[in-house]
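As structure tokens, the structure follows; a few thoughts come after it.
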Amino acid sequence: MTRTQVGIVGAGPAGLMLGHLLHLRGIDSVIVEDRTKEHVIERVRAGVLEQGSVDLMNEVGVGDRLRAEGMRHDGIFIAFEGQRHRIDMAHLTGGRAITIYGQNEVVKDLIAAREASGRPLHFEAADVRVHDLASDQPRLTFQHAGTGYEVRCDFIAGCDGFHGICRPSIPAGHLRIYEREYPFAWLGILANAPPSSPELVYSLHDRGFALFSMRSHDVTRLYLQCDPDEDIAAWPDERIWKELRTRLATRDGWAPVEGEITQKGVTPMRSFVAEPMHYGRLYLAGDAAHIVPPTGAKGLNLAMADVWRLARAFGEFFETGQRGPLDGYSRQGLRRTWRAQRFSWWMTSMLHHAADENAFDHKRQIAELEYLVSSEAAMTSLAENYVGVPLA
Ligand code: FAD
Ligand code: PHB
């Protein structure tokens, strides 16, 4: 049996950033992850960092590569009916912007910081479980390289994503779940092709949604709306490019540059909130507590905001014995989560075709898009949510 102050389940962005923030406050933690280090680093996921996430990475000393390689974008394009319209987010929000920097790069930087700290981070842990959550001394148990481990903790942080074990360990009846599934998914690709637009393009086409994004000056990231049970085998590269050309190309002659496809996958779309974000001494953060559809680019940023507040709350508890910030953690987190839920749902419903929608719905979407790109008030509303509210 060993001891730590905070047992952290999951080495995604939430768990790794939490471990780093606690380290900077002199609070010890053990991070336990069930996948391999390579898998955690190579998993292709988010790419958009809000201003607040960028500022956080810089403030806590893990921003060197982000400053060198991240791509700051002051605006985004919204495309429909063959035309692209630019929303100048920096102009509308007093200079705030987003930065393109892959989640796998964020994770790589945070793993390097963890390894430099010398504090424990166990990959490939099996049979991870949490116990005695309602007591003052919850426990974390797991198997690693054939040996069983037991860690007595002051607190446990459930940073183990949507499919993790922490949320399901909370006894029935303590959580209220709010959920919505969408009747579509995203087929995403990475391609060795230089981005042909300097900024992201969100497009609504008669054949459905498409998104042009990027990872670097040589790599493009693209998404197509597809069916939730889409068989990726039915999508040879040529079919994907044809569909992307059809949905993205605009009358001004713009189209994505094509190149070798190096990765393909289908991502389901879901809105999900578990309330409250804690039970006893277990605190949930990131995707373990909430999921947003990716259209608003909010998931990774919500995870960062959660652990920033959670680290502050643990810090207050260990430094002064005050429980106030820990008691307020869920309430404040849910306010930010619901704001992001509303925005992500709105972006999703404005830009996708649902199978059950009719001609009225389509006309309403076009009217909404026309209003969005012609009203400074509407553009400001999108911009301030997209660049994100400051951490608080
Ligand atoms: P995760 O990244 O899921 O990390 C959880 C970790 O816990 C994982 O490493 C997992 O292996 C581990 N784990 C699970 N179970 C156990 C267990 N039993 N024991 C130990 N460890 C366990 N968000 C944005 O902000 N912007 C975007 O542009 C964006 N685009 C996206 C595009 C796609 C295709 C997808 C899939 C997601 C996107 N997201 C985006 C969402 C974003 O990736 C997630 O919100 C983010 O990964 C949440 O981080 P997390 O640390 O909470 O969870
Ligand atoms: C991405 O680059 O992966 C990306 C960008 C914007 C989104 C979602 C994903 O809304």
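Labels used: A, B, ... for chains in the order of the structure tokens, numbers from 1 for residues in each chain, and numbers from 1 for ligands as shown.
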**Report entry** 6 Å shell around ligand 1 using only C-alpha atoms and all ligand atoms, listed as a ChimeraX atom specification
**Finding:** /A:9-15,32-35,40,45-48,128,159-161,163-165,267,286-288,294,297-301,303
Requested in this report: Please identify the residues whose atoms come within 10 Å of ligand 2, using only C-alpha atoms and all ligand atoms, and report them as a PyMOL selection string.
Outcome: chain A and resi 44-49+76+100-103+186+188-190+200-202+211-215+220-223+293-299+344+347-348+386
**Report entry** Members of stretch 187-340 of chain A assigned helix (DSSP H, G or I) by DSSP, as an MDAnalysis selection string
**Finding:** chainID A and resid 232:234 237:248 286:288 294:296 299:320 324:340
Any chance you could export the current selection's C-alpha atoms as a PDB file, in the first residue's frame?
```pdb
ATOM      1  CA  ILE A 232     -15.215   3.063 -43.220  1.00  0.00           C
ATOM      2  CA  ALA A 233     -14.383   0.247 -45.676  1.00  0.00           C
ATOM      3  CA  ALA A 234     -17.025   1.724 -48.008  1.00  0.00           C
ATOM      4  CA  ASP A 237      -9.749   7.570 -50.716  1.00  0.00           C
ATOM      5  CA  GLU A 238     -11.157   8.647 -54.080  1.00  0.00           C
ATOM      6  CA  ARG A 239     -14.724   8.591 -52.755  1.00  0.00           C
ATOM      7  CA  ILE A 240     -13.709  10.714 -49.759  1.00  0.00           C
ATOM      8  CA  TRP A 241     -11.997  13.355 -51.927  1.00  0.00           C
ATOM      9  CA  LYS A 242     -14.913  13.482 -54.334  1.00  0.00           C
ATOM     10  CA  GLU A 243     -17.356  14.063 -51.491  1.00  0.00           C
ATOM     11  CA  LEU A 244     -15.111  16.679 -49.854  1.00  0.00           C
ATOM     12  CA  ARG A 245     -14.725  18.531 -53.170  1.00  0.00           C
ATOM     13  CA  THR A 246     -18.493  18.510 -53.681  1.00  0.00           C
ATOM     14  CA  ARG A 247     -19.329  19.746 -50.201  1.00  0.00           C
ATOM     15  CA  LEU A 248     -16.501  22.243 -49.696  1.00  0.00           C
ATOM     16  CA  GLY A 286     -13.295  16.460 -18.798  1.00  0.00           C
ATOM     17  CA  ASP A 287     -15.059  13.855 -20.940  1.00  0.00           C
ATOM     18  CA  ALA A 288     -15.696  11.701 -17.833  1.00  0.00           C
ATOM     19  CA  PRO A 294     -17.187  18.394 -31.942  1.00  0.00           C
ATOM     20  CA  THR A 295     -18.758  21.134 -34.116  1.00  0.00           C
ATOM     21  CA  GLY A 296     -18.033  23.796 -31.477  1.00  0.00           C
ATOM     22  CA  GLY A 299     -14.296  19.227 -25.584  1.00  0.00           C
ATOM     23  CA  LEU A 300     -10.562  19.591 -24.968  1.00  0.00           C
ATOM     24  CA  ASN A 301     -11.018  23.164 -23.811  1.00  0.00           C
ATOM     25  CA  LEU A 302     -13.710  22.207 -21.291  1.00  0.00           C
ATOM     26  CA  ALA A 303     -11.370  19.522 -19.945  1.00  0.00           C
ATOM     27  CA  MET A 304      -8.614  22.134 -19.467  1.00  0.00           C
ATOM     28  CA  ALA A 305     -11.012  24.543 -17.712  1.00  0.00           C
ATOM     29  CA  ASP A 306     -12.234  21.773 -15.360  1.00  0.00           C
ATOM     30  CA  VAL A 307      -8.778  20.772 -14.181  1.00  0.00           C
ATOM     31  CA  TRP A 308      -7.616  24.362 -13.831  1.00  0.00           C
ATOM     32  CA  ARG A 309     -10.456  24.903 -11.309  1.00  0.00           C
ATOM     33  CA  LEU A 310      -9.989  21.498  -9.689  1.00  0.00           C
ATOM     34  CA  ALA A 311      -6.258  22.089  -9.095  1.00  0.00           C
ATOM     35  CA  ARG A 312      -7.053  25.442  -7.500  1.00  0.00           C
ATOM     36  CA  ALA A 313      -9.692  23.827  -5.285  1.00  0.00           C
ATOM     37  CA  PHE A 314      -7.375  20.994  -4.166  1.00  0.00           C
ATOM     38  CA  GLY A 315      -4.634  23.605  -3.581  1.00  0.00           C
ATOM     39  CA  GLU A 316      -6.923  25.642  -1.332  1.00  0.00           C
ATOM     40  CA  PHE A 317      -7.883  22.521   0.616  1.00  0.00           C
ATOM     41  CA  PHE A 318      -4.325  21.322   1.189  1.00  0.00           C
ATOM     42  CA  GLU A 319      -2.911  24.790   1.893  1.00  0.00           C
ATOM     43  CA  THR A 320      -5.647  26.231   4.156  1.00  0.00           C
ATOM     44  CA  GLY A 324     -15.337  26.192  -0.309  1.00  0.00           C
ATOM     45  CA  PRO A 325     -13.718  25.937  -3.775  1.00  0.00           C
ATOM     46  CA  LEU A 326     -14.124  22.129  -3.792  1.00  0.00           C
ATOM     47  CA  ASP A 327     -17.781  22.524  -2.868  1.00  0.00           C
ATOM     48  CA  GLY A 328     -18.233  25.050  -5.704  1.00  0.00           C
ATOM     49  CA  TYR A 329     -16.342  22.959  -8.282  1.00  0.00           C
ATOM     50  CA  SER A 330     -19.372  21.226  -9.758  1.00  0.00           C
ATOM     51  CA  ARG A 331     -21.646  24.282  -9.817  1.00  0.00           C
ATOM     52  CA  GLN A 332     -19.065  26.429 -11.628  1.00  0.00           C
ATOM     53  CA  GLY A 333     -18.084  23.617 -13.983  1.00  0.00           C
ATOM     54  CA  LEU A 334     -21.679  22.933 -14.931  1.00  0.00           C
ATOM     55  CA  ARG A 335     -22.270  26.581 -15.773  1.00  0.00           C
ATOM     56  CA  ARG A 336     -19.365  26.518 -18.230  1.00  0.00           C
ATOM     57  CA  THR A 337     -20.397  23.083 -19.523  1.00  0.00           C
ATOM     58  CA  TRP A 338     -23.969  24.126 -20.253  1.00  0.00           C
ATOM     59  CA  ARG A 339     -22.752  27.233 -22.027  1.00  0.00           C
ATOM     60  CA  ALA A 340     -20.562  25.019 -24.228  1.00  0.00           C
TER      61      ALA A 340
END
```
Query raised in the report: A:Ile31, A:Glu181, A:Ser216, A:Arg270: which is nearest A:Thr141, counting only C-alpha atoms?
Result: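 Ranked by minimum distance to A:Thr141, first place goes to A:Ile31.
By only C-alpha atoms, and with residues fewer than 3 positions from stretch 111-119 of chain A along its chain excluded, the set lying at most 9 Å from it is Ala11, Leu16, Gly19, His20, His23, Asp28, Ser29, Val30, Ile31, Lys37, Ile41, Gly61, Val62, Val106, Val107 and Lys108 of chain A.
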May I have the selected residues written with N, CA, C and O atoms, as a tab-separated table (two decimals), in the first residue's frame?
```tsv
chain	number	residue	atom	x	y	z
A	11	ALA	N	-4.72	9.41	-18.40
A	11	ALA	CA	-3.64	10.30	-18.84
A	11	ALA	C	-3.97	10.91	-20.19
A	11	ALA	O	-3.17	10.92	-21.12
A	16	LEU	N	-3.40	14.62	-17.33
A	16	LEU	CA	-2.01	15.09	-17.40
A	16	LEU	C	-1.89	16.55	-16.96
A	16	LEU	O	-0.96	16.91	-16.24
A	19	GLY	N	-2.29	16.71	-13.19
A	19	GLY	CA	-1.06	16.27	-12.51
A	19	GLY	C	0.00	17.36	-12.53
A	19	GLY	O	0.69	17.61	-11.53
A	20	HIS	N	0.10	18.07	-13.66
A	20	HIS	CA	1.11	19.13	-13.78
A	20	HIS	C	0.77	20.32	-12.88
A	20	HIS	O	1.64	20.85	-12.18
A	23	HIS	N	1.52	19.39	-9.35
A	23	HIS	CA	2.98	19.37	-9.15
A	23	HIS	C	3.50	20.79	-8.89
A	23	HIS	O	4.29	21.01	-7.98
A	28	ASP	N	1.31	16.02	-4.33
A	28	ASP	CA	1.68	14.82	-5.08
A	28	ASP	C	0.46	14.05	-5.60
A	28	ASP	O	-0.64	14.14	-5.05
A	29	SER	N	0.71	13.34	-6.69
A	29	SER	CA	-0.36	12.60	-7.34
A	29	SER	C	0.22	11.35	-7.99
A	29	SER	O	1.43	11.29	-8.24
A	30	VAL	N	-0.64	10.39	-8.25
A	30	VAL	CA	-0.27	9.21	-9.03
A	30	VAL	C	-1.22	9.19	-10.22
A	30	VAL	O	-2.45	9.27	-10.02
A	31	ILE	N	-0.70	9.11	-11.43
A	31	ILE	CA	-1.57	9.02	-12.62
A	31	ILE	C	-1.54	7.59	-13.15
A	31	ILE	O	-0.46	7.02	-13.35
A	37	LYS	N	1.68	4.34	-23.80
A	37	LYS	CA	2.09	5.72	-24.02
A	37	LYS	C	1.94	6.08	-25.51
A	37	LYS	O	1.45	7.16	-25.85
A	41	ILE	N	-0.42	9.08	-27.15
A	41	ILE	CA	0.17	10.18	-27.92
A	41	ILE	C	-0.36	10.20	-29.35
A	41	ILE	O	-0.61	11.26	-29.92
A	61	GLY	N	4.31	26.69	-18.14
A	61	GLY	CA	5.63	26.28	-18.61
A	61	GLY	C	5.66	25.12	-19.60
A	61	GLY	O	6.68	24.48	-19.78
A	62	VAL	N	4.52	24.83	-20.27
A	62	VAL	CA	4.52	23.75	-21.26
A	62	VAL	C	4.16	24.30	-22.65
A	62	VAL	O	3.66	23.58	-23.50
A	106	VAL	N	-0.37	18.37	-27.48
A	106	VAL	CA	-0.62	18.82	-26.09
A	106	VAL	C	-0.23	17.69	-25.13
A	106	VAL	O	0.47	17.89	-24.14
A	107	VAL	N	-0.70	16.48	-25.47
A	107	VAL	CA	-0.45	15.33	-24.61
A	107	VAL	C	1.05	15.02	-24.54
A	107	VAL	O	1.59	14.73	-23.46
A	108	LYS	N	1.72	15.13	-25.68
A	108	LYS	CA	3.17	14.88	-25.72
A	108	LYS	C	3.90	15.87	-24.78
A	108	LYS	O	4.77	15.48	-24.01
```
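The shortest atom-to-atom distance to A:Glu357, with only C-alpha atoms taken into account, belongs to A:Gly208 out of A:Glu69, A:Leu110, A:Gly208, A:Met57.
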Query - Length of the atom CA of A:Val6 to atom CA of A:Phe155 vector [Å] - result: 4.9 Å
Can you tell me which residues surround A:Arg176 at a distance of at most 8 Å, considering only C-alpha atoms, apart from same-chain residues fewer than 5 positions away, and format the answer as a CSV table (one decimal) with N, CA, C and O atoms, in the first residue's frame?
```csv
chain,number,residue,atom,x,y,z
A,274,ALA,N,-23.3,14.8,-16.9
A,274,ALA,CA,-23.6,14.2,-15.6
A,274,ALA,C,-23.5,15.2,-14.5
A,274,ALA,O,-22.5,15.9,-14.4
A,275,GLU,N,-24.6,15.3,-13.7
A,275,GLU,CA,-24.6,16.3,-12.6
A,275,GLU,C,-24.9,15.5,-11.3
A,275,GLU,O,-25.7,14.6,-11.2
A,276,PRO,N,-24.2,15.9,-10.2
A,276,PRO,CA,-23.1,16.8,-10.1
A,276,PRO,C,-21.8,16.2,-10.6
A,276,PRO,O,-21.7,15.0,-10.9
```
**Report entry** Residue nearest A:Ala134 among A:Ile366, A:Met17, A:Ile156, A:Leu22 (counting only C-alpha atoms)
**Finding:** A:Ile156
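For the atom pair formed by atom CA of A:Phe123 and atom CA of A:Ala289, the distance is 22.0 Å, given to one decimal.
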Requested in this report: Would you mind reading off the distance between atom CA of A:Leu66 and atom CA of A:Val387, one decimal, in Å?
Outcome: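 Between atom CA of A:Leu66 and atom CA of A:Val387 the gap works out to 16.8 Å.
Considering only C-alpha atoms, the residue among A:Asp88, A:Glu258, A:Asp74, A:Asp218 positioned nearest to A:Glu376 is A:Asp88.
Shortest separation to A:Tyr178 among A:Gln322, A:Ser271, A:Gln365, A:Ser196 occurs at residue A:Ser271, atoms counted being only C-alpha atoms.
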Requested in this report: Any chance you could list, as a list in words, the residues in stretch 10-106 of chain A that come up strand (DSSP E or B) when DSSP is run on the backbone?
Outcome: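 Output for stretch 10-106 of chain A, strand (DSSP E or B) only: Ser29, Val30, Ile31, Val32, Val48, Leu49, Met71, Arg72, His73, Gly75, Ile76, Phe77, Ile78, Ala79, Phe80, Gln83, Arg84, His85, Arg86, Ile87, Asp88, Ile98, Thr99 and Ile100 of chain A.
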Query raised in the report: Looking at A:Ser374, A:Gln137, A:Asn58, A:Ser349, which one is nearest to A:Val151, with distances taken over only C-alpha atoms?
Result: A:Gln137
Query raised in the report: Hey, what's within 8 Å of A:Leu204 if we count only C-alpha atoms and toss same-chain stuff fewer than 2 positions away? As a PyMOL selection string, please?
Result: chain A and resi 79-81+202+206+208-210+247+351-352
Written selection (all heavy atoms) as an mmCIF file, in the first residue's frame:
```
data_model
loop_
_atom_site.group_PDB
_atom_site.id
_atom_site.type_symbol
_atom_site.label_atom_id
_atom_site.label_comp_id
_atom_site.auth_asym_id
_atom_site.auth_seq_id
_atom_site.Cartn_x
_atom_site.Cartn_y
_atom_site.Cartn_z
ATOM 1 N N ALA A 79 -19.298 28.468 -44.807
ATOM 2 C CA ALA A 79 -19.650 28.360 -46.230
ATOM 3 C C ALA A 79 -21.029 27.734 -46.391
ATOM 4 O O ALA A 79 -21.364 26.770 -45.696
ATOM 5 C CB ALA A 79 -18.612 27.520 -46.959
ATOM 6 N N PHE A 80 -21.831 28.289 -47.312
ATOM 7 C CA PHE A 80 -23.117 27.685 -47.699
ATOM 8 C C PHE A 80 -23.515 28.279 -49.033
ATOM 9 O O PHE A 80 -23.083 29.380 -49.398
ATOM 10 C CB PHE A 80 -24.204 27.903 -46.622
ATOM 11 C CG PHE A 80 -24.485 29.350 -46.311
ATOM 12 C CD1 PHE A 80 -25.565 30.013 -46.883
ATOM 13 C CD2 PHE A 80 -23.656 30.056 -45.447
ATOM 14 C CE1 PHE A 80 -25.830 31.345 -46.591
ATOM 15 C CE2 PHE A 80 -23.911 31.400 -45.159
ATOM 16 C CZ PHE A 80 -24.988 32.039 -45.729
ATOM 17 N N GLU A 81 -24.307 27.534 -49.772
ATOM 18 C CA GLU A 81 -24.757 27.940 -51.111
ATOM 19 C C GLU A 81 -23.604 28.458 -51.968
ATOM 20 O O GLU A 81 -23.720 29.471 -52.659
ATOM 21 C CB GLU A 81 -25.879 28.972 -50.977
ATOM 22 C CG GLU A 81 -27.040 28.358 -50.192
ATOM 23 C CD GLU A 81 -28.373 29.026 -50.428
ATOM 24 O OE1 GLU A 81 -28.415 30.251 -50.385
ATOM 25 O OE2 GLU A 81 -29.350 28.285 -50.666
ATOM 26 N N TYR A 202 -16.151 25.848 -42.147
ATOM 27 C CA TYR A 202 -17.311 25.049 -41.744
ATOM 28 C C TYR A 202 -18.347 25.205 -42.851
ATOM 29 O O TYR A 202 -18.754 26.327 -43.144
ATOM 30 C CB TYR A 202 -17.919 25.574 -40.444
ATOM 31 C CG TYR A 202 -17.122 25.275 -39.187
ATOM 32 C CD1 TYR A 202 -16.059 26.073 -38.810
ATOM 33 C CD2 TYR A 202 -17.455 24.192 -38.375
ATOM 34 C CE1 TYR A 202 -15.343 25.803 -37.640
ATOM 35 C CE2 TYR A 202 -16.746 23.918 -37.208
ATOM 36 C CZ TYR A 202 -15.693 24.725 -36.854
ATOM 37 O OH TYR A 202 -14.997 24.458 -35.705
ATOM 38 N N ASP A 206 -25.981 20.717 -49.506
ATOM 39 C CA ASP A 206 -27.189 19.869 -49.618
ATOM 40 C C ASP A 206 -26.896 18.416 -49.248
ATOM 41 O O ASP A 206 -27.783 17.683 -48.809
ATOM 42 C CB ASP A 206 -27.727 19.883 -51.056
ATOM 43 C CG ASP A 206 -28.304 21.246 -51.402
ATOM 44 O OD1 ASP A 206 -28.482 22.060 -50.474
ATOM 45 O OD2 ASP A 206 -28.546 21.503 -52.598
ATOM 46 N N GLY A 208 -24.828 17.541 -46.921
ATOM 47 C CA GLY A 208 -24.453 17.455 -45.501
ATOM 48 C C GLY A 208 -23.264 18.330 -45.162
ATOM 49 O O GLY A 208 -22.695 19.022 -46.003
ATOM 50 N N PHE A 209 -22.868 18.243 -43.905
ATOM 51 C CA PHE A 209 -21.789 19.081 -43.352
ATOM 52 C C PHE A 209 -20.409 18.622 -43.841
ATOM 53 O O PHE A 209 -20.183 17.430 -44.084
ATOM 54 C CB PHE A 209 -21.849 18.945 -41.825
ATOM 55 C CG PHE A 209 -20.707 19.565 -41.073
ATOM 56 C CD1 PHE A 209 -20.643 20.940 -40.883
ATOM 57 C CD2 PHE A 209 -19.700 18.766 -40.538
ATOM 58 C CE1 PHE A 209 -19.589 21.511 -40.170
ATOM 59 C CE2 PHE A 209 -18.649 19.334 -39.823
ATOM 60 C CZ PHE A 209 -18.596 20.705 -39.643
ATOM 61 N N ALA A 210 -19.491 19.567 -43.973
ATOM 62 C CA ALA A 210 -18.071 19.234 -44.153
ATOM 63 C C ALA A 210 -17.247 20.307 -43.460
ATOM 64 O O ALA A 210 -17.684 21.456 -43.329
ATOM 65 C CB ALA A 210 -17.712 19.172 -45.639
ATOM 66 N N ARG A 247 -18.715 19.018 -51.322
ATOM 67 C CA ARG A 247 -19.329 19.746 -50.201
ATOM 68 C C ARG A 247 -18.577 21.029 -49.845
ATOM 69 O O ARG A 247 -19.159 21.915 -49.221
ATOM 70 C CB ARG A 247 -19.383 18.846 -48.965
ATOM 71 C CG ARG A 247 -20.296 17.650 -49.142
ATOM 72 C CD ARG A 247 -20.544 16.984 -47.804
ATOM 73 N NE ARG A 247 -21.046 15.630 -47.970
ATOM 74 C CZ ARG A 247 -21.348 14.832 -46.974
ATOM 75 N NH1 ARG A 247 -21.196 15.246 -45.728
ATOM 76 N NH2 ARG A 247 -21.783 13.603 -47.202
ATOM 77 N N LEU A 351 -25.542 23.361 -38.959
ATOM 78 C CA LEU A 351 -24.638 22.975 -40.047
ATOM 79 C C LEU A 351 -24.807 21.535 -40.550
ATOM 80 O O LEU A 351 -24.063 21.103 -41.427
ATOM 81 C CB LEU A 351 -23.178 23.194 -39.613
ATOM 82 C CG LEU A 351 -22.755 24.675 -39.502
ATOM 83 C CD1 LEU A 351 -21.464 24.823 -38.696
ATOM 84 C CD2 LEU A 351 -22.564 25.285 -40.891
ATOM 85 N N HIS A 352 -25.738 20.756 -39.957
ATOM 86 C CA HIS A 352 -25.916 19.362 -40.404
ATOM 87 C C HIS A 352 -27.324 19.151 -40.941
ATOM 88 O O HIS A 352 -28.252 19.855 -40.558
ATOM 89 C CB HIS A 352 -25.692 18.383 -39.241
ATOM 90 C CG HIS A 352 -24.267 18.340 -38.767
ATOM 91 N ND1 HIS A 352 -23.697 19.359 -38.051
ATOM 92 C CD2 HIS A 352 -23.299 17.398 -38.919
ATOM 93 C CE1 HIS A 352 -22.431 19.045 -37.779
ATOM 94 N NE2 HIS A 352 -22.171 17.869 -38.294
#
```
